[in-house]
>>> print(open('final32.cif').read())   # mmCIF, C-alpha atoms and all ligand atoms
data_run
#
loop_
_atom_site.label_atom_id
_atom_site.label_comp_id
_atom_site.auth_asym_id
_atom_site.auth_seq_id
_atom_site.Cartn_x
_atom_site.Cartn_y
_atom_site.Cartn_z
CA ASP A 1 153.28 -165.14 51.36
CA LYS A 2 151.00 -164.60 54.33
CA ALA A 3 151.76 -168.08 55.72
CA GLY A 4 148.07 -168.83 56.27
CA HIS A 5 147.28 -165.48 57.89
CA ARG A 6 144.60 -163.14 56.66
CA HIS A 7 146.95 -160.16 56.51
CA PHE A 8 150.68 -159.56 56.41
CA MET A 9 150.30 -157.62 59.63
CA ALA A 10 148.85 -160.69 61.38
CA LYS A 11 151.73 -162.80 60.10
CA GLU A 12 154.30 -160.23 61.18
CA ILE A 13 152.78 -159.96 64.65
CA ALA A 14 152.66 -163.74 65.03
CA GLU A 15 156.24 -164.35 63.92
CA GLN A 16 157.76 -162.02 66.49
CA PRO A 17 158.86 -164.74 68.96
CA VAL A 18 160.89 -166.45 66.22
CA VAL A 19 162.18 -163.25 64.64
CA LEU A 20 163.15 -161.75 67.99
CA ALA A 21 164.96 -164.94 69.04
CA ASP A 22 166.91 -164.78 65.79
CA ALA A 23 167.76 -161.09 66.21
CA LEU A 24 168.95 -161.69 69.77
CA ALA A 25 171.01 -164.71 68.71
CA ARG A 26 172.95 -162.54 66.23
CA TYR A 27 174.09 -160.29 69.06
CA LEU A 28 174.27 -162.93 71.77
CA PRO A 29 175.88 -165.89 70.01
CA ASP A 30 176.00 -169.19 71.91
CA GLY A 31 179.20 -169.69 73.80
CA ALA A 32 180.34 -166.08 73.34
CA ASP A 33 181.03 -163.97 76.35
CA GLY A 34 178.76 -160.93 76.43
CA ILE A 35 177.25 -158.88 73.62
CA ALA A 36 178.72 -159.23 70.12
CA LEU A 37 178.78 -155.76 68.56
CA PRO A 38 180.95 -154.47 65.71
CA GLU A 39 184.19 -152.69 66.59
CA GLY A 40 184.11 -148.95 66.99
CA LEU A 41 181.41 -148.37 69.58
CA ASP A 42 183.20 -146.58 72.39
CA PHE A 43 180.69 -145.35 74.94
CA THR A 44 183.48 -144.24 77.27
CA ALA A 45 184.32 -141.52 74.74
CA THR A 46 180.68 -140.37 74.63
CA ASP A 47 179.04 -137.88 76.97
CA ARG A 48 175.73 -137.66 75.22
CA LEU A 49 173.53 -139.61 72.86
CA VAL A 50 171.23 -137.96 70.33
CA MET A 51 168.54 -140.28 68.95
CA VAL A 52 166.45 -139.29 65.95
CA ALA A 53 163.71 -141.14 64.03
CA CYS A 54 160.11 -140.92 62.80
CA GLY A 55 156.87 -142.65 63.78
CA THR A 56 157.18 -146.03 65.42
CA ALA A 57 160.98 -145.93 65.18
CA PHE A 58 160.84 -142.69 67.19
CA PHE A 59 158.84 -144.41 69.92
CA ALA A 60 161.54 -147.10 70.03
CA CYS A 61 164.02 -144.27 70.69
CA GLN A 62 161.75 -142.91 73.39
CA VAL A 63 161.76 -146.29 75.19
CA ALA A 64 165.53 -146.61 74.71
CA LYS A 65 166.08 -143.22 76.34
CA TYR A 66 164.85 -144.75 79.62
CA TRP A 67 167.30 -147.62 79.22
CA PHE A 68 170.37 -145.56 78.32
CA GLU A 69 169.70 -143.10 81.10
CA ARG A 70 168.79 -145.63 83.77
CA ILE A 71 171.17 -148.48 83.02
CA ALA A 72 174.13 -146.67 81.45
CA ARG A 73 173.66 -143.23 83.12
CA LEU A 74 174.18 -141.71 79.67
CA PRO A 75 172.22 -138.50 78.94
CA VAL A 76 169.99 -138.87 75.89
CA GLU A 77 168.26 -136.31 73.71
CA ILE A 78 165.55 -137.56 71.37
CA ASP A 79 163.59 -135.84 68.65
CA VAL A 80 161.49 -136.61 65.62
CA ALA A 81 163.58 -136.15 62.50
CA SER A 82 161.33 -133.53 60.89
CA GLU A 83 161.82 -131.23 63.91
CA PHE A 84 165.45 -132.06 64.58
CA ARG A 85 166.66 -131.26 61.08
CA TYR A 86 165.16 -127.77 60.96
CA ARG A 87 165.85 -126.96 64.60
CA GLU A 88 169.53 -127.20 63.70
CA PRO A 89 170.54 -127.99 67.29
CA PRO A 90 174.14 -127.69 68.50
CA VAL A 91 175.96 -131.02 68.41
CA PRO A 92 178.78 -130.72 70.98
CA PRO A 93 181.95 -132.83 70.88
CA ARG A 94 181.70 -136.32 72.43
CA THR A 95 178.18 -136.76 71.02
CA THR A 96 177.12 -140.04 69.43
CA ALA A 97 174.21 -139.63 67.00
CA LEU A 98 171.92 -142.65 66.62
CA PHE A 99 169.30 -142.99 63.88
CA VAL A 100 166.61 -145.66 63.92
CA SER A 101 164.74 -146.59 60.75
CA GLN A 102 163.12 -149.78 59.54
CA SER A 103 163.41 -148.89 55.85
CA GLY A 104 166.61 -146.89 56.16
CA GLU A 105 165.18 -144.56 53.51
CA THR A 106 162.98 -142.15 55.48
CA ALA A 107 163.72 -138.70 54.01
CA ASP A 108 163.62 -136.69 57.25
CA THR A 109 165.74 -139.23 59.17
CA LEU A 110 168.32 -139.27 56.38
CA ALA A 111 168.42 -135.46 56.33
CA ALA A 112 168.90 -135.40 60.12
CA LEU A 113 171.76 -137.89 59.75
CA ARG A 114 173.41 -135.70 57.10
CA TYR A 115 173.06 -132.70 59.40
CA CYS A 116 175.00 -134.58 62.10
CA ALA A 117 177.71 -135.86 59.76
CA GLY A 118 180.94 -134.03 60.57
CA LYS A 119 179.47 -132.69 63.84
CA ALA A 120 178.84 -135.81 65.94
CA ASP A 121 181.82 -137.99 66.88
CA ARG A 122 180.09 -141.01 65.47
CA ILE A 123 176.98 -141.74 63.38
CA VAL A 124 175.33 -145.02 64.29
CA SER A 125 172.15 -146.42 62.79
CA VAL A 126 169.76 -149.22 63.73
CA VAL A 127 168.11 -150.40 60.51
CA ASN A 128 166.25 -153.32 59.01
CA VAL A 129 167.67 -152.86 55.51
CA PRO A 130 171.48 -153.05 55.62
CA GLU A 131 171.84 -151.76 52.01
CA SER A 132 169.73 -148.66 52.73
CA SER A 133 170.88 -145.05 52.43
CA ILE A 134 170.84 -144.52 56.20
CA ALA A 135 172.96 -147.63 56.76
CA ARG A 136 175.41 -146.67 54.03
CA GLU A 137 175.90 -143.14 55.33
CA SER A 138 176.51 -144.24 58.92
CA ASP A 139 179.89 -144.95 60.49
CA LEU A 140 178.30 -148.04 61.96
CA ALA A 141 175.01 -149.71 61.00
CA LEU A 142 173.43 -152.28 63.30
CA PRO A 143 170.88 -154.52 61.56
CA ILE A 144 167.76 -155.52 63.50
CA HIS A 145 167.33 -158.78 61.50
CA ALA A 146 163.52 -158.53 61.49
CA GLY A 147 163.21 -159.80 57.90
CA VAL A 148 161.09 -158.03 55.28
CA GLU A 149 158.19 -156.12 56.83
CA ILE A 150 155.28 -155.66 54.42
CA GLY A 151 152.40 -154.33 56.53
CA VAL A 152 152.43 -150.53 56.57
CA ALA A 153 151.93 -150.67 60.33
CA SER A 154 155.32 -151.48 61.78
CA THR A 155 155.24 -154.41 64.23
CA LYS A 156 158.15 -156.84 64.24
CA ALA A 157 160.58 -154.07 63.32
CA PHE A 158 159.57 -152.25 66.52
CA THR A 159 160.27 -155.20 68.85
CA CYS A 160 163.56 -155.95 67.09
CA GLN A 161 164.59 -152.26 67.24
CA LEU A 162 163.89 -152.37 70.96
CA ALA A 163 165.94 -155.54 71.40
CA VAL A 164 168.97 -154.07 69.62
CA LEU A 165 168.65 -150.79 71.53
CA ALA A 166 168.39 -152.69 74.84
CA LEU A 167 171.63 -154.55 74.02
CA LEU A 168 173.31 -151.25 73.11
CA ALA A 169 172.23 -149.73 76.42
CA LEU A 170 173.61 -152.74 78.30
CA GLU A 171 176.88 -152.56 76.38
CA ALA A 172 177.11 -148.82 77.12
CA ALA A 173 176.54 -149.57 80.81
CA ARG A 174 179.25 -152.23 80.76
CA GLN A 175 181.81 -150.01 79.05
CA ARG A 176 181.06 -147.10 81.36
CA GLY A 177 181.35 -149.26 84.48
CA GLU A 178 177.73 -148.65 85.43
CA ILE A 179 176.74 -152.31 85.72
CA ASP A 180 178.27 -155.29 87.54
CA ALA A 181 178.73 -158.63 85.81
CA GLU A 182 175.95 -160.29 87.76
CA THR A 183 173.31 -157.66 86.95
CA LEU A 184 174.37 -157.67 83.29
CA ALA A 185 174.06 -161.46 83.15
CA SER A 186 170.59 -161.31 84.69
CA HIS A 187 169.43 -158.64 82.20
CA LEU A 188 170.77 -160.76 79.33
CA ALA A 189 168.91 -163.80 80.71
CA ASP A 190 165.71 -161.71 80.82
CA LEU A 191 166.22 -160.71 77.18
CA ARG A 192 166.80 -164.32 76.17
CA ALA A 193 163.54 -165.28 77.89
CA LEU A 194 161.55 -162.68 75.95
CA PRO A 195 160.69 -164.74 72.83
CA GLY A 196 158.94 -167.31 75.07
CA LEU A 197 157.04 -164.56 76.87
CA LEU A 198 156.03 -162.98 73.55
CA ASN A 199 154.51 -166.35 72.66
CA GLN A 200 152.49 -166.29 75.86
CA ALA A 201 151.41 -162.70 75.16
CA LEU A 202 150.13 -163.80 71.73
CA ASN A 203 147.77 -166.20 73.54
CA ALA A 204 145.75 -163.15 74.57
CA GLY A 205 144.79 -162.78 70.88
CA ASP A 206 141.31 -164.34 71.14
CA LYS A 207 140.35 -162.24 74.12
CA ILE A 208 141.70 -159.11 72.45
CA GLU A 209 139.65 -159.95 69.36
CA ARG A 210 136.46 -160.03 71.46
CA ILE A 211 137.28 -156.77 73.26
CA SER A 212 138.18 -155.12 69.95
CA ARG A 213 134.65 -155.62 68.64
CA ASP A 214 133.54 -153.15 71.31
CA LEU A 215 136.51 -150.86 70.75
CA ALA A 216 135.59 -150.67 67.06
CA GLU A 217 132.40 -148.80 68.07
CA ALA A 218 134.36 -145.99 69.76
CA ARG A 219 135.04 -142.67 68.08
CA ASP A 220 137.93 -141.74 70.35
CA ILE A 221 140.26 -143.89 72.43
CA LEU A 222 142.93 -142.80 74.92
CA PHE A 223 146.07 -144.77 75.74
CA ILE A 224 148.01 -143.98 78.90
CA GLY A 225 151.25 -145.22 80.43
CA ARG A 226 154.04 -144.14 82.78
CA GLY A 227 157.81 -144.40 82.52
CA ALA A 228 158.92 -146.60 79.64
CA MET A 229 155.26 -147.57 79.13
CA TYR A 230 154.46 -143.99 78.11
CA PRO A 231 156.03 -144.45 74.65
CA LEU A 232 154.08 -147.72 74.43
CA ALA A 233 150.89 -145.72 74.95
CA LEU A 234 151.97 -143.47 72.07
CA GLU A 235 152.77 -146.47 69.91
CA GLY A 236 149.42 -148.13 70.73
CA ALA A 237 147.58 -144.97 69.72
CA LEU A 238 149.56 -144.54 66.49
CA LYS A 239 149.01 -148.17 65.50
CA LEU A 240 145.27 -147.94 66.19
CA LYS A 241 144.73 -144.69 64.33
CA GLU A 242 146.73 -145.63 61.28
CA ILE A 243 144.88 -148.85 60.52
CA SER A 244 141.42 -148.50 62.16
CA TYR A 245 141.01 -144.73 61.52
CA ILE A 246 139.68 -144.34 65.06
CA HIS A 247 140.96 -141.19 66.68
CA ALA A 248 143.41 -142.26 69.38
CA GLU A 249 145.82 -140.32 71.60
CA GLY A 250 148.61 -141.53 73.80
CA TYR A 251 149.37 -139.65 77.00
CA ALA A 252 151.68 -139.90 79.96
CA SER A 253 149.34 -141.05 82.74
CA GLY A 254 150.31 -138.11 84.91
CA GLU A 255 149.27 -135.66 82.17
CA LEU A 256 145.67 -136.90 82.17
CA LYS A 257 144.45 -134.31 84.60
CA HIS A 258 146.24 -131.55 82.74
CA GLY A 259 143.72 -131.66 79.92
CA PRO A 260 142.73 -134.92 78.26
CA ILE A 261 140.54 -136.10 81.15
CA ALA A 262 138.02 -133.53 79.92
CA LEU A 263 137.34 -135.91 77.03
CA VAL A 264 136.50 -138.88 79.27
CA ASP A 265 132.96 -140.19 79.50
CA ASP A 266 131.40 -143.62 78.99
CA HIS A 267 131.97 -143.38 75.23
CA VAL A 268 135.76 -143.00 75.46
CA PRO A 269 137.62 -146.18 76.37
CA VAL A 270 140.92 -145.57 78.17
CA ILE A 271 143.56 -148.21 77.56
CA VAL A 272 146.06 -148.39 80.42
CA MET A 273 149.43 -150.03 79.73
CA ALA A 274 150.67 -150.74 83.24
CA PRO A 275 152.58 -153.75 84.53
CA ARG A 276 152.67 -153.98 88.34
CA ASP A 277 155.97 -152.09 88.59
CA SER A 278 157.35 -149.37 90.83
CA LEU A 279 155.02 -146.81 89.20
CA PHE A 280 151.83 -148.85 89.37
CA GLU A 281 150.38 -147.17 92.48
CA LYS A 282 150.41 -143.82 90.69
CA THR A 283 148.59 -145.32 87.74
CA THR A 284 145.93 -146.75 90.06
CA SER A 285 144.92 -143.24 91.05
CA ASN A 286 144.77 -142.24 87.37
CA MET A 287 142.42 -145.17 86.72
CA GLN A 288 140.22 -144.07 89.62
CA GLU A 289 140.00 -140.58 88.16
CA VAL A 290 138.83 -142.07 84.87
CA MET A 291 136.31 -144.41 86.48
CA ALA A 292 134.89 -141.59 88.61
CA ARG A 293 133.93 -139.91 85.34
CA GLY A 294 132.25 -143.00 83.96
CA GLY A 295 135.22 -143.89 81.75
CA ARG A 296 135.78 -147.49 80.72
CA ILE A 297 139.24 -148.84 81.59
CA LEU A 298 140.90 -151.54 79.54
CA LEU A 299 143.88 -152.53 81.68
CA VAL A 300 146.85 -154.29 80.10
CA SER A 301 148.87 -155.64 83.02
CA ASP A 302 150.16 -158.75 84.78
CA THR A 303 148.28 -160.94 87.29
CA LYS A 304 149.22 -158.77 90.26
CA GLY A 305 148.30 -155.55 88.49
CA ILE A 306 144.90 -156.84 87.42
CA GLU A 307 144.22 -158.11 90.94
CA ALA A 308 145.24 -154.80 92.45
CA ALA A 309 143.03 -152.83 90.07
CA GLY A 310 139.91 -154.52 91.47
CA ASP A 311 136.41 -154.80 90.04
CA GLY A 312 135.80 -151.32 88.73
CA ILE A 313 137.68 -151.80 85.47
CA TRP A 314 135.83 -152.59 82.24
CA ARG A 315 138.15 -155.22 80.76
CA SER A 316 141.68 -156.55 81.29
CA ILE A 317 144.33 -158.22 79.19
CA GLN A 318 146.80 -160.33 81.11
CA MET A 319 150.49 -160.36 80.27
CA PRO A 320 153.11 -162.71 81.72
CA ASP A 321 155.41 -161.45 84.49
CA LEU A 322 158.74 -159.95 83.47
CA PRO A 323 161.21 -157.80 85.40
CA GLU A 324 160.27 -154.15 84.97
CA ILE A 325 163.00 -153.00 82.65
CA PHE A 326 162.07 -154.90 79.47
CA THR A 327 158.27 -154.82 79.74
CA PRO A 328 157.96 -152.35 76.80
CA ILE A 329 159.08 -155.12 74.40
CA LEU A 330 156.41 -157.49 75.73
CA TYR A 331 153.59 -154.94 75.86
CA ALA A 332 154.12 -154.11 72.19
CA ILE A 333 152.22 -157.33 71.44
CA PRO A 334 148.86 -156.33 73.00
CA ALA A 335 149.25 -152.81 71.54
CA GLN A 336 149.61 -154.33 68.06
CA LEU A 337 146.83 -156.89 68.55
CA ILE A 338 144.35 -154.26 69.78
CA ALA A 339 145.00 -152.17 66.66
CA TYR A 340 144.86 -155.19 64.36
CA HIS A 341 141.61 -156.71 65.66
CA THR A 342 139.89 -153.34 65.91
CA ALA A 343 140.79 -152.59 62.30
CA VAL A 344 139.60 -156.04 61.18
CA ALA A 345 136.31 -155.47 63.07
CA LYS A 346 135.94 -152.18 61.20
CA GLY A 347 136.75 -153.81 57.88
CA THR A 348 139.55 -151.43 56.90
CA ASP A 349 142.45 -152.29 54.61
CA VAL A 350 144.85 -153.40 57.34
CA ASP A 351 148.00 -153.88 55.27
CA GLN A 352 147.54 -150.84 53.05
CA PRO A 353 145.78 -148.17 55.12
CA ARG A 354 144.57 -145.12 53.24
CA ASN A 355 146.93 -142.17 52.73
CA LEU A 356 149.99 -144.03 54.07
CA ALA A 357 153.13 -145.40 52.42
CA LYS A 358 155.43 -148.05 53.87
CA SER A 359 158.46 -145.91 53.29
CA VAL A 360 158.21 -142.12 53.48
CA THR A 361 160.91 -141.01 51.08
CA VAL A 362 159.59 -137.48 50.61
CA GLU A 363 159.21 -134.84 53.29
O1 LIG B 1 161.22 -146.84 57.86
P1 LIG B 1 161.17 -146.01 59.10
O2 LIG B 1 161.35 -146.81 60.34
O3 LIG B 1 162.13 -144.85 59.08
O4 LIG B 1 159.70 -145.43 59.14
C1 LIG B 1 159.31 -144.51 60.12
C2 LIG B 1 157.82 -144.32 60.11
O5 LIG B 1 157.39 -143.85 58.87
C3 LIG B 1 157.06 -145.61 60.45
O6 LIG B 1 157.46 -146.16 61.67
C4 LIG B 1 155.55 -145.34 60.53
O7 LIG B 1 155.25 -144.50 61.62
C5 LIG B 1 154.77 -146.65 60.60
N1 LIG B 1 153.72 -146.67 59.61
C6 LIG B 1 154.17 -146.91 61.96
O8 LIG B 1 153.45 -148.09 62.02
#
>>> encode(input="final32.cif", output="C-alpha cells")
Amino acid sequence: DKAGHRHFMAKEIAEQPVVLADALARYLPDGADGIALPEGLDFTATDRLVMVACGTAFFACQVAKYWFERIARLPVEIDVASEFRYREPPVPPRTTALFVSQSGETADTLAALRYCAGKADRIVSVVNVPESSIARESDLALPIHAGVEIGVASTKAFTCQLAVLALLALEAARQRGEIDAETLASHLADLRALPGLLNQALNAGDKIERISRDLAEARDILFIGRGAMYPLALEGALKLKEISYIHAEGYASGELKHGPIALVDDHVPVIVMAPRDSLFEKTTSNMQEVMARGGRILLVSDTKGIEAAGDGIWRSIQMPDLPEIFTPILYAIPAQLIAYHTAVAKGTDVDQPRNLAKSVTVE
C-alpha cells in the first residue's frame, strides 16, 4: 500500500518523521531515566569498535564513527563487508564487532559477522528484521523499528539506523564517563526534536522537485561534504546513481582539489551538503574553487550557511537549524528527495531500479 504516494520510495521518505519518532520512543521510553538498551552492552570493557556493513548501511557506520569517536572517545574501525571478510584483519581482545543491515540477510555482512564470531568479545547487530540471520547470529540484536522497507533505495532504514547508532554512541559515552549528565540530556533532547525537524525538511520537497528537473539533464553530478557530512555526500551520490542512473560521486570536500575538480565545468552540478557548522568556512573555499571553474553549486544548508555563501551559488535548499552533531540524520532527507525527484523527472523505475535487488543474498 503506497498510502496515496506514487512510489513506495516516496511513501517511505514521507513517513520518516513518524517512523523515527517511534524508533526513538522504543529506546527512550517516557518516564524512563536515560537510554533503554538490552543488558549486556558493556562499553567499559571495550577498547575498540569494528563496524561492518554494505551500501547505505555502511554509510550509516561511517557517520556513526564520528559519533563514537567524538562523543565516547572510542576508537572505531569501519569497512565494507566484502573487503573486511577477505582482508581477514586481526580482531584483538576487547573488541566489539557491530554489523548494520536493514535486511539482516546481506551475504557479505553475514560472512563478516561469522568471521568475527569467537574472535570479538561481543557481536552486536543493528537490523530492521529481528528474525533475520544476522540478528539470530549476534550476541545482541538492536532493532531499528523502521517497518517494512519496500523501495530498493534505502531511506527510512538509514535514518533509523542513524538514530539507534547515535543512542549507542551516547550510551557508550555515558558508560565510559566521557559525557556529563547535562550534555547527555541536551543531546537526547536534540534527538527527540528530530522528527519535527524532519517534517520541516520535507517541506523543501516542492523546491527540490523543481531543481531536480535541471539535475535530470546532467550526465555527472558531484556531492561533497566534510566531517560527518562526508558520508552523507556518499549516500546522496549512491541514492542518485541507483535510481536515476546519472553518474554521481561523493567526495570529502577537501579531496576536491586532489583530482575530481578536473571534472568540473558548467555541465557538472556540485551538490554541497554543508550546515553552518565549525567546518563551514573550509567548505566556502571549496565552493569558490568550483565556481571559479564555472561549476554550478547546489548548496544544502541552513539559513546562516546560505546567507554566508552569497550570490554566486546556483541554487540552495534550506534546512532547519540543528546542533551540529546530529545534522547527518536531517540532511538525509534532501539527499533522498534529490535522488527521488531526479529519477521521477527521468522516468526511471524508482522502486525497482534495473540490475538491483532489495536484499543481496549472494556475493
Ligand atoms: O540489507 P542491507 O542493509 O544489508 O543492505 C545493504 C545494501 O545492499 C543496501 O543499503 C543498498 O546499498 C541500498 N540499495 C542502498 O539504497
>>> residues_near_ligand(input="final32.cif", ligand="ligand LIG 1 (chain B)", cutoff="8 Å", atoms="only C-alpha atoms and all ligand atoms", output="MDAnalysis selection string")
chainID A and resid 53:58 100:106 109 127 152:155 157 238:239 242 356:360
>>> residues_around(input="final32.cif", residues="region 1-3 of chain A", least_positions_apart="2", cutoff="12 Å", atoms="all atoms listed in the file", output="list of chain:residue names")
A:His5, A:Arg6, A:His7, A:Phe8, A:Met9, A:Ala10, A:Lys11, A:Glu12, A:Ile13, A:Ala14, A:Glu15, A:Val148, A:Glu149, A:Ile150, A:Gly151, A:Asp351
>>> atom_distance(input="final32.cif", atom1="CA of Ala181 (chain A)", atom2="CA of Ala32 (chain A)")
14.6 Å
>>> residues_around(input="final32.cif", residues="Ser212 (chain A)", least_positions_apart="2", cutoff="10 Å", atoms="all atoms listed in the file", output="list of chain:residue names")
A:Asp206, A:Lys207, A:Ile208, A:Glu209, A:Arg210, A:Asp214, A:Leu215, A:Ala216, A:Glu217, A:Ala218, A:Leu337, A:Ile338, A:Ala339, A:Tyr340, A:His341, A:Thr342, A:Ala343, A:Val344, A:Ala345, A:Lys346
>>> residues_around(input="final32.cif", residues="His187 (chain A)", least_positions_apart="2", cutoff="10 Å", atoms="only C-alpha atoms", output="list in words")
Ala166, Leu167, Leu170, Ala181, Glu182, Thr183, Leu184, Ala185, Ala189, Asp190, Leu191, Arg192, Ala193, Pro323, Ile325 and Phe326 of chain A
>>> residues_around(input="final32.cif", residues="Tyr66 (chain A)", least_positions_apart="2", cutoff="12 Å", atoms="only C-alpha atoms", output="NGL selection string")
:A and (59-64 or 68-78 or 162 or 165-166 or 169-170 or 226-231 or 324-326 or 328)
>>> closest_residue(input="final32.cif", among="A:Pro130, A:Pro334, A:Gly118, A:Gly225", to="Pro93 (chain A)", atoms="only C-alpha atoms")
A:Gly118
>>> atom_distance(input="final32.cif", atom1="CA of Lys65 (chain A)", atom2="CA of Ile306 (chain A)")
27.5 Å
>>> atom_distance(input="final32.cif", atom1="CA of Arg296 (chain A)", atom2="CA of Asp266 (chain A)")
6.1 Å
>>> residues_around(input="final32.cif", residues="Asp108 (chain A)", least_positions_apart="5", cutoff="10 Å", atoms="only C-alpha atoms", output="list in words")
Val52, Ala53, Cys54, Val80, Ala81, Ser82, Glu83, Phe84, Arg85, Tyr86, Leu113, Arg114, Val360, Thr361, Val362 and Glu363 of chain A
>>> write_last_selection(input="final32.cif", atoms="C-alpha atoms", output="mmCIF file, keeping the file's coordinate frame")
data_model
loop_
_atom_site.group_PDB
_atom_site.id
_atom_site.type_symbol
_atom_site.label_atom_id
_atom_site.label_comp_id
_atom_site.auth_asym_id
_atom_site.auth_seq_id
_atom_site.Cartn_x
_atom_site.Cartn_y
_atom_site.Cartn_z
ATOM 1 C CA VAL A 52 166.450 -139.290 65.950
ATOM 2 C CA ALA A 53 163.710 -141.140 64.030
ATOM 3 C CA CYS A 54 160.110 -140.920 62.800
ATOM 4 C CA VAL A 80 161.490 -136.610 65.620
ATOM 5 C CA ALA A 81 163.580 -136.150 62.500
ATOM 6 C CA SER A 82 161.330 -133.530 60.890
ATOM 7 C CA GLU A 83 161.820 -131.230 63.910
ATOM 8 C CA PHE A 84 165.450 -132.060 64.580
ATOM 9 C CA ARG A 85 166.660 -131.260 61.080
ATOM 10 C CA TYR A 86 165.160 -127.770 60.960
ATOM 11 C CA LEU A 113 171.760 -137.890 59.750
ATOM 12 C CA ARG A 114 173.410 -135.700 57.100
ATOM 13 C CA VAL A 360 158.210 -142.120 53.480
ATOM 14 C CA THR A 361 160.910 -141.010 51.080
ATOM 15 C CA VAL A 362 159.590 -137.480 50.610
ATOM 16 C CA GLU A 363 159.210 -134.840 53.290
#
>>> closest_residue(input="final32.cif", among="A:Pro90, A:Gly147, A:Gly177, A:Gly312", to="Gly295 (chain A)", atoms="all atoms listed in the file")
A:Gly312
